[in-house]
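> This one is start-v6.cif, mmCIF, C-alpha atoms.
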```cif
data_model
loop_
_atom_site.label_atom_id
_atom_site.label_comp_id
_atom_site.auth_asym_id
_atom_site.auth_seq_id
_atom_site.Cartn_x
_atom_site.Cartn_y
_atom_site.Cartn_z
CA MET A 1 5.68 23.95 -15.33
CA LEU A 2 5.74 25.90 -12.07
CA LYS A 3 5.33 29.20 -13.92
CA ASP A 4 1.79 28.15 -14.86
CA ILE A 5 0.47 28.28 -11.28
CA THR A 6 -2.60 30.54 -11.21
CA LEU A 7 -2.60 32.96 -8.31
CA GLY A 8 -5.80 32.25 -6.52
CA GLN A 9 -8.64 31.53 -8.90
CA TYR A 10 -10.20 34.97 -9.02
CA VAL A 11 -12.52 35.63 -11.95
CA PRO A 12 -13.14 39.39 -12.16
CA GLY A 13 -16.81 40.34 -12.44
CA GLU A 14 -19.63 42.65 -11.36
CA SER A 15 -22.12 40.10 -10.05
CA PHE A 16 -24.09 40.31 -6.78
CA ILE A 17 -21.66 37.83 -5.17
CA HIS A 18 -18.58 39.71 -6.48
CA LYS A 19 -19.86 42.93 -4.93
CA LEU A 20 -20.38 41.44 -1.46
CA ASP A 21 -17.98 42.52 1.29
CA ALA A 22 -15.06 40.05 1.63
CA ARG A 23 -15.66 39.74 5.41
CA VAL A 24 -19.31 38.80 4.86
CA LYS A 25 -18.36 36.26 2.19
CA ILE A 26 -15.79 34.60 4.48
CA VAL A 27 -18.25 34.32 7.38
CA LEU A 28 -21.06 33.04 5.12
CA THR A 29 -18.70 30.46 3.58
CA PHE A 30 -17.93 29.11 7.06
CA VAL A 31 -21.67 28.95 7.80
CA TYR A 32 -22.18 27.11 4.47
CA ILE A 33 -19.51 24.52 5.38
CA ILE A 34 -20.84 23.98 8.92
CA ILE A 35 -24.42 23.54 7.73
CA LEU A 36 -23.26 21.14 5.00
CA PHE A 37 -21.83 18.82 7.66
CA ILE A 38 -24.93 19.12 9.88
CA ILE A 39 -27.56 18.12 7.31
CA ASP A 40 -28.40 14.46 6.87
CA GLN A 41 -31.89 14.32 5.34
CA THR A 42 -32.36 13.74 1.59
CA ILE A 43 -34.81 16.68 1.36
CA ASN A 44 -32.12 18.96 2.85
CA TYR A 45 -29.60 17.79 0.26
CA ALA A 46 -32.17 18.65 -2.43
CA LEU A 47 -32.61 22.15 -0.93
CA PHE A 48 -28.83 22.52 -0.68
CA THR A 49 -28.49 21.60 -4.37
CA ILE A 50 -30.98 24.34 -5.32
CA PHE A 51 -29.23 26.84 -3.04
CA THR A 52 -25.75 26.03 -4.45
CA ALA A 53 -27.08 26.23 -8.03
CA MET A 54 -28.58 29.64 -7.16
CA LEU A 55 -25.20 30.82 -5.78
CA VAL A 56 -23.38 29.67 -8.93
CA PHE A 57 -25.97 31.45 -11.09
CA LEU A 58 -25.74 34.66 -9.03
CA SER A 59 -21.92 34.64 -9.16
CA ARG A 60 -22.00 34.56 -13.01
CA VAL A 61 -18.74 32.62 -12.91
CA PRO A 62 -18.49 30.46 -16.06
CA ILE A 63 -19.33 26.86 -15.14
CA GLY A 64 -16.02 25.78 -16.74
CA PHE A 65 -14.07 27.52 -13.95
CA ILE A 66 -16.07 25.70 -11.29
CA LEU A 67 -15.59 22.35 -13.04
CA LYS A 68 -11.85 23.11 -13.31
CA GLY A 69 -11.75 23.41 -9.51
CA LEU A 70 -13.33 19.96 -9.24
CA LYS A 71 -10.68 18.30 -11.43
CA PRO A 72 -8.07 17.73 -8.66
CA MET A 73 -10.83 16.27 -6.48
CA LEU A 74 -12.03 13.83 -9.13
CA PHE A 75 -10.17 10.85 -7.67
CA ILE A 76 -11.30 11.52 -4.08
CA LEU A 77 -14.89 12.00 -5.31
CA SER A 78 -14.97 8.72 -7.23
CA PHE A 79 -13.07 6.86 -4.49
CA THR A 80 -15.63 8.05 -1.90
CA ALA A 81 -18.55 7.05 -4.11
CA VAL A 82 -17.14 3.58 -4.95
CA ILE A 83 -16.20 2.70 -1.35
CA ASN A 84 -19.58 3.83 0.00
CA LEU A 85 -21.41 2.04 -2.83
CA PHE A 86 -19.79 -1.38 -2.28
CA MET A 87 -19.06 -1.34 1.46
CA THR A 88 -22.41 -0.28 2.94
CA GLN A 89 -24.51 -3.05 4.47
CA GLY A 90 -28.25 -3.22 3.76
CA GLU A 91 -30.85 -4.50 1.33
CA THR A 92 -28.92 -6.11 -1.57
CA ILE A 93 -30.04 -5.11 -5.07
CA TRP A 94 -27.04 -6.48 -7.04
CA SER A 95 -24.28 -8.93 -6.19
CA TYR A 96 -21.37 -10.59 -7.99
CA HIS A 97 -19.57 -13.59 -6.51
CA ILE A 98 -15.75 -13.27 -6.82
CA VAL A 99 -14.15 -16.19 -4.96
CA GLY A 100 -14.91 -18.13 -1.74
CA SER A 101 -16.86 -15.91 0.60
CA TRP A 102 -15.80 -12.77 -1.29
CA SER A 103 -18.48 -10.98 -3.31
CA LEU A 104 -19.26 -7.50 -4.56
CA GLU A 105 -22.60 -6.17 -3.35
CA ILE A 106 -24.54 -3.03 -4.07
CA THR A 107 -27.20 -2.20 -1.51
CA LYS A 108 -30.04 0.29 -1.55
CA GLU A 109 -28.51 2.06 1.47
CA GLY A 110 -25.10 2.05 -0.27
CA ILE A 111 -26.48 3.94 -3.27
CA VAL A 112 -28.13 6.55 -1.01
CA ILE A 113 -24.98 7.07 1.12
CA ALA A 114 -22.68 7.13 -1.95
CA VAL A 115 -24.80 9.84 -3.61
CA LEU A 116 -25.17 11.91 -0.41
CA MET A 117 -21.45 11.78 0.46
CA LEU A 118 -20.53 12.59 -3.13
CA LEU A 119 -22.82 15.63 -2.99
CA ARG A 120 -21.35 16.66 0.37
CA LEU A 121 -17.79 16.70 -1.02
CA LEU A 122 -18.93 18.31 -4.27
CA TYR A 123 -20.71 21.17 -2.48
CA LEU A 124 -17.77 21.59 -0.09
CA VAL A 125 -15.46 22.26 -3.05
CA ILE A 126 -18.00 24.40 -4.96
CA GLY A 127 -18.85 26.51 -1.88
CA THR A 128 -15.23 27.28 -0.99
CA SER A 129 -14.31 27.77 -4.68
CA LEU A 130 -17.04 30.39 -5.09
CA LEU A 131 -15.39 32.49 -2.38
CA THR A 132 -11.98 32.47 -4.07
CA LEU A 133 -13.48 32.77 -7.56
CA THR A 134 -15.39 35.95 -6.67
CA THR A 135 -12.90 37.66 -4.31
CA SER A 136 -9.41 38.82 -5.22
CA PRO A 137 -6.58 37.41 -3.00
CA LEU A 138 -5.80 40.91 -1.71
CA MET A 139 -9.43 41.56 -0.71
CA LEU A 140 -9.48 38.16 1.00
CA THR A 141 -6.36 38.94 3.05
CA ASP A 142 -7.83 42.36 3.94
CA GLY A 143 -11.04 40.61 4.97
CA ILE A 144 -9.12 38.11 7.11
CA GLU A 145 -7.20 40.99 8.75
CA LYS A 146 -10.45 42.80 9.61
CA LEU A 147 -12.10 39.63 10.91
CA LEU A 148 -9.09 38.88 13.12
CA GLU A 149 -8.90 42.44 14.50
CA PRO A 150 -11.03 41.70 17.60
CA PHE A 151 -8.54 38.97 18.52
CA LYS A 152 -5.69 41.51 18.68
CA LYS A 153 -6.59 41.93 22.37
CA ILE A 154 -5.49 38.34 23.03
CA GLY A 155 -2.32 38.78 20.98
CA VAL A 156 -3.36 37.62 17.49
CA PRO A 157 -1.21 39.72 15.10
CA SER A 158 -3.88 40.27 12.43
CA HIS A 159 -1.91 42.91 10.51
CA GLU A 160 1.24 40.76 10.36
CA ILE A 161 -0.78 37.78 9.07
CA ALA A 162 -2.32 39.93 6.31
CA MET A 163 1.06 41.51 5.44
CA MET A 164 2.67 38.08 5.31
CA MET A 165 -0.02 36.76 2.96
CA THR A 166 0.28 39.82 0.71
CA ILE A 167 4.06 39.39 0.45
CA ALA A 168 3.73 35.61 -0.09
CA ILE A 169 1.21 36.08 -2.91
CA ARG A 170 3.36 38.82 -4.46
CA PHE A 171 6.47 36.63 -4.40
CA ILE A 172 5.01 33.39 -5.79
CA PRO A 173 5.51 34.40 -9.47
CA THR A 174 9.04 35.69 -8.76
CA LEU A 175 10.07 32.52 -6.95
CA ALA A 176 8.32 30.34 -9.56
CA GLU A 177 10.32 32.03 -12.30
CA GLU A 178 13.53 31.55 -10.34
CA THR A 179 12.71 27.86 -9.71
CA ASP A 180 12.08 27.39 -13.40
CA LYS A 181 15.43 28.97 -14.29
CA ILE A 182 17.33 26.84 -11.75
CA MET A 183 15.49 23.68 -12.91
CA LYS A 184 16.37 24.36 -16.55
CA ALA A 185 20.00 25.09 -15.64
CA GLN A 186 20.25 21.84 -13.65
CA MET A 187 18.50 19.84 -16.38
CA ALA A 188 21.01 21.24 -18.89
CA ARG A 189 23.70 19.75 -16.61
CA GLY A 190 21.92 16.38 -16.75
CA ALA A 191 19.75 16.55 -13.62
CA ASP A 192 16.69 14.30 -13.64
CA PHE A 193 13.91 15.23 -11.19
CA GLU A 194 11.20 12.83 -12.29
CA SER A 195 12.71 9.35 -12.34
CA GLY A 196 14.70 7.03 -10.12
CA ASN A 197 14.14 5.81 -6.60
CA ILE A 198 13.39 8.01 -3.60
CA VAL A 199 17.08 8.53 -2.68
CA ARG A 200 17.94 9.56 -6.25
CA ARG A 201 14.97 11.96 -6.39
CA ALA A 202 15.75 13.46 -2.98
CA LYS A 203 19.38 13.98 -4.05
CA ALA A 204 18.24 15.60 -7.31
CA MET A 205 16.14 18.10 -5.33
CA ILE A 206 19.11 19.46 -3.35
CA PRO A 207 20.91 21.35 -6.21
CA LEU A 208 17.51 22.91 -7.00
CA LEU A 209 16.45 23.84 -3.47
CA VAL A 210 19.76 25.14 -2.07
CA PRO A 211 20.11 28.11 -4.51
CA LEU A 212 16.35 28.73 -4.32
CA PHE A 213 16.28 29.04 -0.52
CA VAL A 214 19.54 31.01 -0.35
CA SER A 215 18.18 33.52 -2.87
CA ALA A 216 14.80 33.69 -1.03
CA PHE A 217 16.52 34.47 2.28
CA ARG A 218 18.70 37.13 0.58
CA ARG A 219 15.50 38.69 -0.77
CA ALA A 220 13.97 38.61 2.73
CA ASP A 221 17.00 40.53 4.06
CA ASP A 222 16.84 43.14 1.28
CA LEU A 223 13.08 43.61 1.64
CA ALA A 224 13.30 43.99 5.43
CA VAL A 225 15.98 46.70 5.04
CA ALA A 226 13.90 48.47 2.35
CA MET A 227 10.75 48.42 4.48
CA GLU A 228 12.49 49.55 7.66
CA SER A 229 14.25 52.38 5.85
CA ARG A 230 10.79 53.57 4.72
CA CYS A 231 9.71 53.63 8.38
CA TYR A 232 7.47 50.54 8.28
CA ARG A 233 6.38 49.94 11.87
CA GLY A 234 3.68 47.29 11.57
CA GLY A 235 -0.08 47.78 11.66
CA ASP A 236 -0.52 50.62 14.16
CA ASN A 237 -1.98 53.82 12.67
CA ARG A 238 -1.74 52.55 9.11
CA THR A 239 -4.40 53.84 6.71
CA ARG A 240 -5.93 52.10 3.68
CA MET A 241 -6.55 53.28 0.17
CA LYS A 242 -9.70 51.14 -0.12
CA GLN A 243 -11.91 51.01 2.97
CA MET A 244 -14.16 47.98 3.43
CA LYS A 245 -17.79 48.92 3.85
CA ALA A 246 -20.77 46.59 4.33
CA THR A 247 -23.85 47.64 2.30
CA TYR A 248 -27.51 46.57 1.96
CA ARG A 249 -26.34 43.70 -0.30
CA ASP A 250 -24.42 42.18 2.59
CA ALA A 251 -27.47 42.48 4.86
CA VAL A 252 -29.66 40.77 2.23
CA ALA A 253 -27.09 37.96 1.75
CA GLY A 254 -26.79 37.45 5.52
CA ALA A 255 -30.57 37.34 5.94
CA VAL A 256 -31.07 34.85 3.09
CA VAL A 257 -28.35 32.49 4.39
CA THR A 258 -29.72 32.70 7.97
CA LEU A 259 -33.25 31.93 6.75
CA PHE A 260 -31.96 29.03 4.65
CA CYS A 261 -30.03 27.61 7.62
CA LEU A 262 -33.13 27.85 9.84
CA VAL A 263 -35.20 25.93 7.24
CA LEU A 264 -32.56 23.17 7.07
CA ILE A 265 -32.24 22.90 10.85
CA VAL A 266 -36.05 22.75 11.29
CA ASN A 267 -36.20 20.02 8.62
CA GLU A 268 -33.47 18.05 10.44
CA ILE A 269 -35.39 18.28 13.75
CA ILE A 270 -38.88 17.55 12.36
CA LEU A 271 -38.12 14.83 9.77
CA MET B 272 13.98 45.05 12.30
CA ASN B 273 13.55 41.61 13.81
CA LYS B 274 9.75 41.63 13.61
CA THR B 275 9.75 42.91 10.02
CA LYS B 276 12.37 40.36 9.01
CA ASN B 277 10.47 37.56 10.72
CA THR B 278 7.26 38.53 8.88
CA ILE B 279 9.07 38.60 5.53
CA SER B 280 10.93 35.33 6.19
CA ALA B 281 7.62 33.67 7.10
CA ALA B 282 6.04 35.14 3.95
CA LEU B 283 8.78 33.81 1.66
CA LEU B 284 8.69 30.39 3.34
CA THR B 285 4.91 30.42 2.84
CA ALA B 286 5.37 31.25 -0.85
CA LEU B 287 7.92 28.42 -1.16
CA SER B 288 5.54 26.00 0.62
CA MET B 289 2.85 26.77 -1.93
CA LEU B 290 5.32 26.52 -4.81
CA ILE B 291 6.71 23.15 -3.70
CA ALA B 292 3.18 21.79 -3.19
CA PHE B 293 2.60 22.32 -6.91
CA SER B 294 5.96 20.85 -7.87
CA PRO B 295 5.88 17.99 -10.38
CA VAL B 296 8.36 15.99 -8.25
CA LYS B 297 6.00 13.49 -6.63
CA LEU B 298 6.68 9.93 -5.53
CA PRO B 299 4.58 7.22 -7.16
CA VAL B 300 2.41 6.00 -4.25
CA PRO B 301 -1.01 4.32 -4.54
CA PRO B 302 -3.88 6.82 -4.37
CA PRO B 303 -5.62 8.35 -2.37
CA PHE B 304 -2.22 9.04 -0.75
CA SER B 305 0.36 11.37 -2.29
CA VAL B 306 3.95 12.28 -1.44
CA THR B 307 5.41 15.56 -2.68
CA LEU B 308 9.14 15.51 -2.00
CA ALA B 309 10.43 18.48 0.05
CA SER B 310 6.93 19.76 0.84
CA HIS B 311 7.84 20.06 4.55
CA VAL B 312 11.22 21.74 3.96
CA PRO B 313 9.97 25.39 4.37
CA THR B 314 8.25 24.50 7.66
CA MET B 315 11.35 22.64 8.88
CA LEU B 316 13.54 25.65 8.08
CA ALA B 317 11.09 27.95 9.87
CA VAL B 318 11.47 25.73 12.95
CA PHE B 319 15.17 26.68 13.03
CA ILE B 320 14.47 30.44 12.86
CA ASN B 321 12.08 30.85 15.80
CA PRO B 322 8.62 29.70 17.02
CA TRP B 323 6.97 32.88 15.69
CA VAL B 324 8.18 32.28 12.11
CA ALA B 325 7.33 28.56 12.43
CA LEU B 326 3.76 29.36 13.49
CA PHE B 327 3.36 32.09 10.87
CA SER B 328 4.67 30.01 7.99
CA VAL B 329 2.22 27.20 8.83
CA VAL B 330 -0.72 29.63 9.15
CA GLY B 331 0.41 31.26 5.89
CA SER B 332 0.59 27.90 4.11
CA CYS B 333 -2.95 27.04 5.27
CA LEU B 334 -4.33 30.35 4.01
CA GLY B 335 -2.29 30.03 0.82
CA PHE B 336 -3.52 26.53 0.04
CA TRP B 337 -7.05 27.72 0.68
CA LEU B 338 -6.61 30.66 -1.74
CA LEU B 339 -4.90 28.56 -4.40
CA THR B 340 -6.83 25.31 -4.25
CA SER B 341 -9.99 25.89 -2.15
CA ASN B 342 -9.42 22.31 -1.03
CA ILE B 343 -10.38 22.28 2.64
CA ILE B 344 -8.86 18.81 3.17
CA ILE B 345 -5.39 20.05 2.10
CA VAL B 346 -5.85 23.08 4.38
CA ILE B 347 -6.71 20.94 7.43
CA ARG B 348 -3.73 18.63 6.84
CA ALA B 349 -1.45 21.67 6.44
CA ALA B 350 -2.87 23.07 9.71
CA SER B 351 -1.82 19.90 11.54
CA HIS B 352 1.83 20.95 10.90
CA ILE B 353 1.41 23.65 13.58
CA LEU B 354 1.96 21.01 16.27
CA PHE B 355 5.30 19.67 15.05
CA ALA B 356 6.55 23.11 13.95
CA LEU B 357 5.88 24.68 17.35
CA ALA B 358 7.20 21.69 19.29
CA GLY B 359 10.41 21.65 17.24
CA ALA B 360 10.90 25.42 17.44
CA TYR B 361 10.47 25.47 21.24
CA MET B 362 12.81 22.50 21.71
CA LEU B 363 15.49 24.26 19.64
CA LYS B 364 14.85 27.58 21.42
CA LYS B 365 15.47 25.95 24.78
CA GLY B 366 18.85 24.78 23.47
CA LYS B 367 21.01 21.92 24.72
CA VAL B 368 18.72 19.46 22.90
CA ASN B 369 20.25 16.92 20.56
CA ILE B 370 19.17 17.66 16.98
CA PHE B 371 18.37 13.98 16.40
CA ALA B 372 16.06 14.01 19.44
CA VAL B 373 14.26 17.03 17.90
CA ILE B 374 13.91 15.19 14.56
CA VAL B 375 12.52 12.04 16.19
CA ALA B 376 10.15 13.96 18.50
CA THR B 377 8.81 16.19 15.68
CA SER B 378 8.41 13.22 13.33
CA LEU B 379 6.29 11.38 15.89
CA ILE B 380 4.14 14.46 16.57
CA HIS B 381 3.79 15.05 12.82
CA ALA B 382 2.79 11.44 12.12
CA ALA B 383 0.31 11.35 15.00
CA ALA B 384 -1.31 14.64 13.94
CA GLU B 385 -1.70 13.63 10.27
CA GLY B 386 -2.97 10.18 11.21
CA LEU B 387 -5.48 11.72 13.59
CA ILE B 388 -6.70 14.18 10.94
CA VAL B 389 -7.27 11.34 8.47
CA TYR B 390 -9.00 9.28 11.19
CA ILE B 391 -11.30 12.18 12.11
CA LEU B 392 -12.09 13.25 8.53
CA THR B 393 -12.71 9.76 7.09
CA PRO B 394 -16.13 9.25 8.77
CA LEU B 395 -17.31 12.52 7.22
CA VAL B 396 -17.16 10.89 3.79
CA PHE B 397 -17.36 7.21 4.80
CA PRO B 398 -20.01 7.02 7.55
CA ASP B 399 -20.10 3.85 9.75
CA LYS B 400 -16.61 2.78 8.61
CA GLY B 401 -14.65 2.96 11.86
CA ALA B 402 -12.24 0.20 10.82
CA ALA B 403 -11.48 1.86 7.46
CA ALA B 404 -10.86 5.20 9.20
CA LEU B 405 -8.43 3.53 11.60
CA ALA B 406 -6.58 1.73 8.79
CA LEU B 407 -6.33 4.91 6.68
CA GLY B 408 -5.21 6.85 9.78
CA TYR B 409 -2.41 4.35 10.52
CA THR B 410 -1.32 4.32 6.85
CA ALA B 411 -1.20 8.12 6.77
CA ALA B 412 0.78 8.20 10.04
CA ILE B 413 3.38 5.67 8.84
CA GLY B 414 3.65 7.39 5.45
CA THR B 415 4.06 10.76 7.15
CA LEU B 416 6.82 9.40 9.41
CA PHE B 417 8.74 8.18 6.36
CA HIS B 418 8.08 11.44 4.44
CA HIS B 419 9.24 13.49 7.45
CA TYR B 420 12.63 11.74 7.57
CA VAL B 421 13.17 12.13 3.82
CA ASP B 422 12.34 15.86 4.04
CA CYS B 423 14.68 16.20 7.06
CA ALA B 424 17.46 14.73 4.92
CA ILE B 425 16.70 17.32 2.21
CA THR B 426 16.51 20.16 4.78
CA ALA B 427 19.98 19.43 6.26
CA PRO B 428 22.11 20.58 3.26
CA ILE B 429 19.86 23.63 2.74
CA LEU B 430 20.24 24.59 6.39
CA TYR B 431 24.00 24.08 6.11
CA ALA B 432 24.14 26.36 3.04
CA LEU B 433 22.02 29.03 4.76
CA SER B 434 24.24 28.86 7.87
CA ARG B 435 27.39 29.21 5.80
CA ALA B 436 25.92 32.21 4.00
CA LYS B 437 25.06 33.62 7.47
CA LEU B 438 21.39 33.93 6.50
CA ILE B 439 20.13 31.74 9.36
CA SER B 440 21.70 31.26 12.75
CA THR B 441 20.81 27.69 13.70
CA GLY B 442 23.25 26.84 16.46
CA VAL B 443 23.57 23.39 14.83
CA PHE B 444 26.19 23.93 12.14
CA GLU B 445 27.92 27.06 13.48
CA ARG B 446 30.29 25.11 15.71
CA ARG B 447 31.56 23.09 12.73
CA ILE B 448 32.04 26.05 10.39
#
```
Output the file's structure in the form of structure tokens.

Amino acid sequence: MLKDITLGQYVPGESFIHKLDARVKIVLTFVYIIILFIIDQTINYALFTIFTAMLVFLSRVPIGFILKGLKPMLFILSFTAVINLFMTQGETIWSYHIVGSWSLEITKEGIVIAVLMLLRLLYLVIGTSLLTLTTSPLMLTDGIEKLLEPFKKIGVPSHEIAMMMTIAIRFIPTLAEETDKIMKAQMARGADFESGNIVRRAKAMIPLLVPLFVSAFRRADDLAVAMESRCYRGGDNRTRMKQMKATYRDAVAGAVVTLFCLVLIVNEIIL
Amino acid sequence: MNKTKNTISAALLTALSMLIAFSPVKLPVPPPFSVTLASHVPTMLAVFINPWVALFSVVGSCLGFWLLTSNIIIVIRAASHILFALAGAYMLKKGKVNIFAVIVATSLIHAAAEGLIVYILTPLVFPDKGAAALALGYTAAIGTLFHHYVDCAITAPILYALSRAKLISTGVFERRI
């Protein structure tokens, strides 16, 4: 049920990746994603595989957690592989005649593209999962706030974004519990949320959503009053209990990723 | 008070967005598409509060989906809601706009944005398949249009209840109450 939603996917630990500064991890994850979409050569995919395996090893996150993150993507992954495998033109290595001019064909180029695109999606999920698996949601929101701070000059409210995320994450379990209670109460009255046509299902949602949203907005009112009465005035002059500090580890991680990116880019240009 | 309340409203709508996304109430549609009923309701309600809350709740949902699922495709599709949320919020802020005109305009923007996202992202996983990207883009756009209207129909009674409880001032239902 809704109560089972895991908040983020953070796996507490003391690994090299866990100890990196959240800001550095966010920036390096973006670099990882960008470089993943730039590379095209098979040798670069091989290097990327080694690099990703090294990251997983360094994070010391149990492989089961990473595979769990891949589960929702299983259909997209197989769909991508199958479409690329059968729809790419090239040198035919297997074919099966269906009817008339329709036939299934597997080409050499199809196999290569299917594998490379599968790896691209796989590494995209693993790379972004590693960030959330090794950084707590609160550290991530703090990191986002710090990274957005330079944009305050052009009006980006970095503190408000971080505060909003912190409140949202805090309230998910409370609202999930409330949803569960309302759902059970409605089901006891005979409500059925999972069968019937679209009109029936949409109608069934209304007795669930109306009390949920009314109670959420009442909570918003109460919380705003409580915060204002404690003199909350937004981000200006606020201090933090835990200060973010980049260390030699972050410099090493930055240097390694930069070097790796340079190697991949040189390979793309030369080969 | 207003800024604090707006931040908290956006936060709770963000939390509800994430919660509804994981709801088991999904329509049976052929994969790779999926339809989660009421998934746009928090964003639609934010549109009626003000543009700031609309923008914040969409940004919050994107960050939230990223933290909860790490699925960048879900995050990009959630980010496309910024366009319809802001357009709707500004139309309502200006006032004197028929609510049905707002619904139709936002639905078209929403459908176009989602279709475009699918069209742009498809070649990243299916290279050299321009026709497939276009077909998937159109399917996503038509599906989104339909989904938008269903979620609008779900939003209306919630908005009515919130107006009656004086928790949101929409300017739509107040005259009738």
> Could you tell me how far CA of Leu131 in chain A lies from CA of Leu28 in chain A, in Å and to one decimal?
9.4 Å
> In Å, rounded to a single decimal, give me how far CA of Ala255 in chain A is from CA of Asn267 in chain A.
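Distance between the two atoms: 18.4 Å.
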> Nearest to Ala412 in chain B: which of B:Thr393, B:Ser378, B:Thr278, B:Asn273 is it, counting all atoms listed in the file?
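Under the stated criterion, the closest residue is B:Ser378.
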> Let me make sure I understand: among A:Trp102, A:Phe217, A:Tyr96, A:Phe30, which one has the smallest atom-to-atom distance to chain B if we use all atoms listed in the file?
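The shortest atom-to-atom distance to chain B comes from A:Phe217.
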> For range 57-66 of chain A, please output as a tab-separated table (two decimals) with C-alpha atoms, in the coordinates of the input all residues within 9 Å (counting all atoms listed in the file; exclusion window: fewer than 6 positions along the same chain).

```tsv
chain	number	residue	atom	x	y	z
A	9	GLN	CA	-8.64	31.53	-8.90
A	11	VAL	CA	-12.52	35.63	-11.95
A	12	PRO	CA	-13.14	39.39	-12.16
A	13	GLY	CA	-16.81	40.34	-12.44
A	14	GLU	CA	-19.63	42.65	-11.36
A	15	SER	CA	-22.12	40.10	-10.05
A	16	PHE	CA	-24.09	40.31	-6.78
A	17	ILE	CA	-21.66	37.83	-5.17
A	18	HIS	CA	-18.58	39.71	-6.48
A	125	VAL	CA	-15.46	22.26	-3.05
A	126	ILE	CA	-18.00	24.40	-4.96
A	129	SER	CA	-14.31	27.77	-4.68
A	130	LEU	CA	-17.04	30.39	-5.09
A	133	LEU	CA	-13.48	32.77	-7.56
A	134	THR	CA	-15.39	35.95	-6.67
```
> How many Å separate CA of Met164 in chain A from CA of Gly331 in chain B?
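Computing the Euclidean distance for CA of Met164 in chain A and CA of Gly331 in chain B yields 7.2 Å.
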> Any chance you could resolve the PyMOL selection byres ((chain A and resi 149) around 12) against this file and give the residues as a list of chain:residue names?
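This file gives the following for the PyMOL selection byres ((chain A and resi 149) around 12): A:Arg23, A:Asp142, A:Gly143, A:Ile144, A:Glu145, A:Lys146, A:Leu147, A:Leu148, A:Pro150, A:Phe151, A:Lys152, A:Lys153, A:Ile154, A:Gly155, A:Val156, A:Pro157, A:Ser158, A:His159, A:Glu160, A:Ile161, A:Ala162, A:Gly235, A:Asp236.
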> What are the closest atom pairs, with distances in Å to one decimal, for each residue of chain A lying within 7 Å of chain B, using only C-alpha atoms, rows by chain and rising residue number, as a tab-separated table?

```
residue	atom	partner	partner_atom	distance
A:Leu2	CA	B:Ser294	CA	6.6
A:Leu7	CA	B:Leu339	CA	6.3
A:Gly8	CA	B:Leu339	CA	4.3
A:Gln9	CA	B:Leu339	CA	6.6
A:Ile76	CA	B:Pro303	CA	6.7
A:Thr80	CA	B:Val396	CA	6.5
A:Asn84	CA	B:Phe397	CA	6.3
A:Met117	CA	B:Val396	CA	5.5
A:Val125	CA	B:Asn342	CA	6.4
A:Thr128	CA	B:Ser341	CA	5.5
A:Ser129	CA	B:Ser341	CA	5.3
A:Thr132	CA	B:Leu338	CA	6.1
A:Pro137	CA	B:Leu338	CA	6.9
A:Glu160	CA	B:Thr278	CA	6.6
A:Met164	CA	B:Ala282	CA	4.7
A:Met165	CA	B:Gly331	CA	6.2
A:Ile167	CA	B:Ala282	CA	5.9
A:Ala168	CA	B:Ala282	CA	4.7
A:Ile169	CA	B:Ala286	CA	6.7
A:Phe171	CA	B:Ala286	CA	6.5
A:Ile172	CA	B:Ala286	CA	5.4
A:Ala176	CA	B:Leu290	CA	6.8
A:Phe193	CA	B:Val296	CA	6.3
A:Glu194	CA	B:Val296	CA	5.9
A:Ala202	CA	B:Ile425	CA	6.5
A:Ile206	CA	B:Ile425	CA	6.4
A:Val210	CA	B:Ile429	CA	5.0
A:Val214	CA	B:Leu433	CA	6.0
A:Ala216	CA	B:Leu283	CA	6.6
A:Phe217	CA	B:Leu438	CA	6.5
A:Ala220	CA	B:Ile279	CA	5.6
A:Asp221	CA	B:Lys276	CA	6.8
A:Ala224	CA	B:Lys276	CA	5.2
A:Glu228	CA	B:Met272	CA	6.6
```
> Name the residues in contact with Leu357 in chain B at a cut-off of 9 Å, using all atoms listed in the file, excluding same-chain residues fewer than 3 positions from it; report them as a list in words.
Val318, Asn321, Pro322, Trp323, Ala325, Leu326, His352, Ile353, Leu354, Ala360, Tyr361 and Met362 of chain B
> Give me, as CSV, the closest atom pair and its distance (Å, one decimal) for every residue of range 13-95 of chain A within a cut-off of 10 Å of range 105-113 of chain A, counting only C-alpha atoms, rows sorted by chain and rising number.

```
residue,atom,partner,partner_atom,distance
A:Asp40,CA,A:Ile113,CA,10.0
A:Thr42,CA,A:Val112,CA,8.7
A:Thr80,CA,A:Ile113,CA,9.9
A:Ala81,CA,A:Ile113,CA,8.3
A:Val82,CA,A:Gly110,CA,9.4
A:Ile83,CA,A:Gly110,CA,9.0
A:Asn84,CA,A:Gly110,CA,5.8
A:Leu85,CA,A:Gly110,CA,4.5
A:Phe86,CA,A:Ile106,CA,5.3
A:Met87,CA,A:Gly110,CA,7.1
A:Thr88,CA,A:Gly110,CA,4.8
A:Gln89,CA,A:Thr107,CA,6.6
A:Gly90,CA,A:Thr107,CA,5.5
A:Glu91,CA,A:Thr107,CA,5.2
A:Thr92,CA,A:Thr107,CA,4.3
A:Ile93,CA,A:Thr107,CA,5.4
A:Trp94,CA,A:Ile106,CA,5.2
A:Ser95,CA,A:Glu105,CA,4.3
```
> Residues within 7 Å of Ala22 in chain A, please, as a ChimeraX atom specification. Count only C-alpha atoms; anything in the same chain fewer than 3 positions from it doesn't count.
/A:25-26,135,139-140,143
> As a check of understanding, name the residues that the PyMOL selection byres ((chain A and resi 261) around 12) selects in the supplied structure, as a list in words.
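Checked against the file, the PyMOL selection byres ((chain A and resi 261) around 12) matches Leu28, Val31, Tyr32, Ile33, Ile34, Ile35, Leu36, Ile38, Ile39, Asn44, Leu47, Phe48, Phe51, Gly254, Ala255, Val256, Val257, Thr258, Leu259, Phe260, Leu262, Val263, Leu264, Ile265, Val266, Asn267 and Glu268 of chain A.
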